[in-house]
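A.B. asks: What follows is a single structure, and I will ask about it in a moment.
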Amino acid sequence: MVEEQVVNTNGLDVHVMNTNKYKTTTFVLQIKANLSKETATHRALLASVLKSATEQFPSRKEIRLYLDDLYGASFSADVARKGENHIISLKFETANEKFLKDDSSLFTKSIQFLKEVLENPYFEGDNQFSEKIVREEKRTLKQKMASIYDDKIRYANKRLVEEMCKGEAYAVHPFGDQETLDTITSDDLKQEYERLLQEDDIRLYIVGDIDVKQAEEAAQIFSVTSRNASSALEEGYSKKDKVNEVTETDDIQQGKLHLGYRTEVMFNDERFPAMQVMNGLFGGFPHSKLFMNVREKESMAYYAASRYESLKGLMFVFAGIEAVKYEKAVDIIKKQLEDMKEGQFSEEAVEQTKGMVKNQLLETADSARGLVELSYQHVIAGSDRSLSDWLKAIDKVSKDDVIKAAQTVELDTSYFLRGKEVNHGQ
Amino acid sequence: MANKKTFDQLEETIYSEKLDNGLTVFVLPKPGFHKTFAVFSTNYGSIDNHFVPLGKQEAVKVPDGIAHFLEHKMFEDEEGDVFQTFGEQGASANAFTSFTKTAYLFSSTQETYKNLETLLDFVQHPYFTDESVEKEKGIIEQEITMYEDNADWQLFFNLLGNLYHNHPVQIDIAGSASSIYDITKEDLYECYHTFYHPSNMVLFIAGDVDSEKVFNLVENNQSQKSFKEPEKIERLLDDEPNEVKQKKSVQEMSVNTPKCMVGYKVDASTKTGSDLLQYEFSMQLLLDVLFGPGSEAYESFYEEGLIDDSFSTEFTAERSFSFLAVGGDTTDPDQLEKRIIDTIEKAVEDGISKEQLDRVRKKKIGNFFKQLNSLEFVANQYTSFAFHDIHLFEAIPVLENITAEEVNELLKTHFQQDTRAVSQITKKQAG
């Protein structure tokens, strides 16, 4: 297994994962703040603006040409919601120089470039972000927001979360919202940037054929620092008296059914491994109850699955169905959860699911980005569990543990996006 | 004895062997990886709908979507669902169908050799009943409906429908909600026996495995099964005119952002091996010079607000068809269409320079190393290439040898006006 070592250089935590499995070196700068409606849009725009110009490379094109010259290094600035945190990730991946004939300083150039993006952005005149770049990136971000609607499964999922978590930070989309975007000035952006440098938890991940000493030396160039990372996972929601049912229409062929559940079991809970197994058996795999009953037995859907959001204590179920089968589908899904709570499943199924969950974890640990994700979840949750301990904990899960985990899961909101005319044919 | 090939620059060693029954097997040991990824593929996809069945004289035409339907049904046997068996062995299994390939795969971090047996056995054991075939129709109908709501998918297939008069590449891989209802278990068996002969298939295993043990297992497994003598598969195609069927299509959908794609139909290549690889790479490099991030066109389209990062290019050269496509999300599909065409016409006149080519070549070499980190990429790509006698690991020297003169030749011949078609998705007005 790839071991992680964390060294603190001048206040910045550098997480080093030394391995020769890959032909590239991966760098990720993780920048974390609380998720809030006030700042999410600013941060999403900031990520795009930082990505587009630096002091040394003052335009997108100059950055592009430089990256191409570094053997097509890939570089992205993404935003994500992890629990109730807003994360900006600056990701950089470049070929390991040992495979190339003519370049021996890719590693150094890579880390210098990342520092440049974060700490030396391109400012104009009176130390402001370029109006032109801000305008262009606003337009792009606006289009990205609008495009969520164009992918109906993604849109239905967003709508479910908005309805279900109304009033909670989690309802805020990591892109923010259009209304706020329209009001942001270069000055606002600059303020948010300065706040980010002062207050955010920033840490650097390096995965590749690199030892800790090299990494430590190279990371000296950063002046940003890591802050206290974890913000305890909290439930923080008010329980609804009855299930919130929302139906909306759109000009589409297939109905998109999305159900949202709550659970008190979160990532750093002792019952977390049991909940992972519960989710796997409920709807995580092709042998799961949802797949076997909604798809295989009833032939009602092509996809029917569940996903567990352990940094917030949510579970989602989604299925694409004919609109006229809405009630039937909901009944079948409800029945599957009831069966989980009553232990209507075999010991063998539990064992099988444990194997699948472990397989999934180990597969994640086979990719550089997967390794970073696995480690960063712990940073966010403020827990400390090695991958091998995690695997052992899954091994120990019993049928009874799975039942108890299932019993904490309650339906909160159902969201259905369906076609304008219900087709009664066939 | 397996044939061993070492690629020093890449630090990779691959073993391959063609078994007596015709099956080609590749093993790529990847020490340090937890998982093993195996993919068992047949050189058979959605376009193979008109052929002479194995052991027969007369050609048959089968319903649209049958290769994909077959892929779904392979997972069931007398005992039930093969997903269960993989699940019990801690593996996750899947399959996919493309225009020219059907692939069955698993990845697992334990019981690798047992999972490999399961993969070989289920793909080589067809079992269809009238009842199970009927049951699948509802599921596939929902899969087709899901794609009907997917604007990118519609954009792409509308383009193919514009480009081609007769070629089956224009038919949706899953068929249509009506064509799948014509499929019978007899059809499935006929396709199966014709196209799932070991001589038409490739098995690729990548992971922390012992290559000798893998070869022993596969040989032993195959020697216990009997197959008919292989025959050369006769596939039939109607003539395809050079010019496109329809210049342009516009479909309204429930989207916020319109889409536009410009495509050119290209003569199917008769090249194989490293010649084909060189041709494919040359076309990809050319498209990257013209439209990739960093190109003049990309940067000005972006600054004008015409495109976002969904803008991309693709070049496909498969047996019996070839095309290229450029496009993505756009606020103004007509304007983007015009600008793409203008860019091409200008390039045809001016040609591209060595400096431009060198830049995208360097990028492509770096990208290749990134792709090699993925066992899935290597296994799937190696398999597709193997059907054309190409070796993936020879990519870098091929890339290094491409010249600007060669690319400029392609530029002159690949962009004729009558081979061009446009597909647009526009925003449906409320009504």
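Just remember, in the structure tokens the first chain shown is A, the second B, etc., residues are 1-based per chain, and ligands are 1-based in the order shown.
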Residues within 10 Å of segment 322-332 of chain A, please, as number ranges by chain. Count only C-alpha atoms; anything in the same chain fewer than 3 positions from it doesn't count.

C.D. replies: A: 253-259, 289-290, 293-294, 298, 300-301, 304, 319, 335-338, 414, 416-425; B: 141-142, 145

A.B. asks: Would you put the residues from that selection into a file with C-alpha atoms, as a short mmCIF file (atom, residue, chain, number, x, y, z; two decimals), in the first residue's frame?

C.D. replies:
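The new file result-v1.cif reads:
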data_model
loop_
_atom_site.label_atom_id
_atom_site.label_comp_id
_atom_site.auth_asym_id
_atom_site.auth_seq_id
_atom_site.Cartn_x
_atom_site.Cartn_y
_atom_site.Cartn_z
CA GLN A 253 -39.03 11.59 -22.12
CA GLN A 254 -38.03 9.79 -18.94
CA GLY A 255 -38.99 10.59 -15.37
CA LYS A 256 -36.05 11.16 -12.99
CA LEU A 257 -36.89 9.99 -9.48
CA HIS A 258 -34.57 11.19 -6.70
CA LEU A 259 -35.15 10.39 -3.03
CA LYS A 289 -31.80 -4.67 -3.44
CA LEU A 290 -32.54 -1.67 -5.63
CA ASN A 293 -35.89 -5.37 -7.56
CA VAL A 294 -36.42 -2.13 -9.45
CA GLU A 298 -39.73 -5.31 -12.47
CA MET A 300 -38.85 -0.64 -14.63
CA ALA A 301 -35.54 1.12 -14.92
CA ALA A 304 -31.63 2.35 -9.83
CA ALA A 319 -33.84 5.89 -10.81
CA LYS A 335 -40.10 -1.64 0.70
CA GLN A 336 -36.38 -2.30 0.07
CA LEU A 337 -35.40 0.05 2.87
CA GLU A 338 -37.97 -1.55 5.20
CA SER A 414 -38.77 12.89 -2.64
CA PHE A 416 -39.64 13.75 -9.22
CA LEU A 417 -38.88 15.42 -12.54
CA ARG A 418 -41.25 14.18 -15.21
CA GLY A 419 -42.38 14.88 -18.75
CA LYS A 420 -45.12 17.42 -19.37
CA GLU A 421 -47.56 14.88 -20.72
CA VAL A 422 -47.84 11.57 -18.98
CA ASN A 423 -47.76 8.86 -21.58
CA HIS A 424 -50.43 6.27 -20.89
CA GLY A 425 -49.49 4.13 -23.87
CA GLU B 141 -36.26 0.70 -23.42
CA GLN B 142 -35.55 2.81 -20.32
CA THR B 145 -35.25 6.80 -23.21
#

A.B. asks: Assign secondary structure with DSSP using the backbone only, and return the residues of segment 28-73 of chain B in strand (DSSP E or B) as a list in words.

C.D. replies: Leu28, Pro29, Thr36, Phe37, Ala38, Val39, Phe40, Ser41, Thr42, His50, Phe51, Val60 and Lys61 of chain B

A.B. asks: Within 6 Å of segment 201-204 of chain B, counting only C-alpha atoms, which residues show up once you throw out same-chain ones fewer than 4 positions away? Write them as number ranges by chain, please.

C.D. replies: B: 23-27, 38-42, 379

A.B. asks: I'd like the contact shell of Arg227 of chain A - 8 Å cut-off, only C-alpha atoms, skipping same-chain residues fewer than 3 positions apart - returned as a ChimeraX atom specification.

C.D. replies: /A:199-202

A.B. asks: Show me which bits of chain A are within 8 Å of chain B, counting only C-alpha atoms, as an NGL selection string.

C.D. replies: :A and (1 or 21-24 or 60-61 or 64-65 or 68-73 or 93-95 or 99 or 136 or 139-140 or 143 or 146-147 or 149-152 or 250-254 or 286-287 or 295-296 or 299-303 or 320-322 or 351-353 or 355-356 or 359 or 362-363 or 365-367)

A.B. asks: Taking only residues of segment 84-198 of chain A that have an atom at most 10 Å from an atom of segment 206-217 of chain A, what is each one's shortest atom pair and its distance in Å to one decimal, using only C-alpha atoms, in chain and number order, as a Markdown table?

C.D. replies:
| residue | atom | partner | partner_atom | distance |
| --- | --- | --- | --- | --- |
| A:Phe92 | CA | A:Ile206 | CA | 9.6 |
| A:Glu93 | CA | A:Val207 | CA | 9.5 |
| A:Ala95 | CA | A:Gly208 | CA | 10.0 |
| A:Asn96 | CA | A:Asp209 | CA | 7.8 |
| A:Lys98 | CA | A:Asp209 | CA | 9.8 |
| A:Phe107 | CA | A:Ile210 | CA | 9.2 |
| A:Thr108 | CA | A:Ala215 | CA | 9.7 |
| A:Ile111 | CA | A:Ala215 | CA | 9.5 |
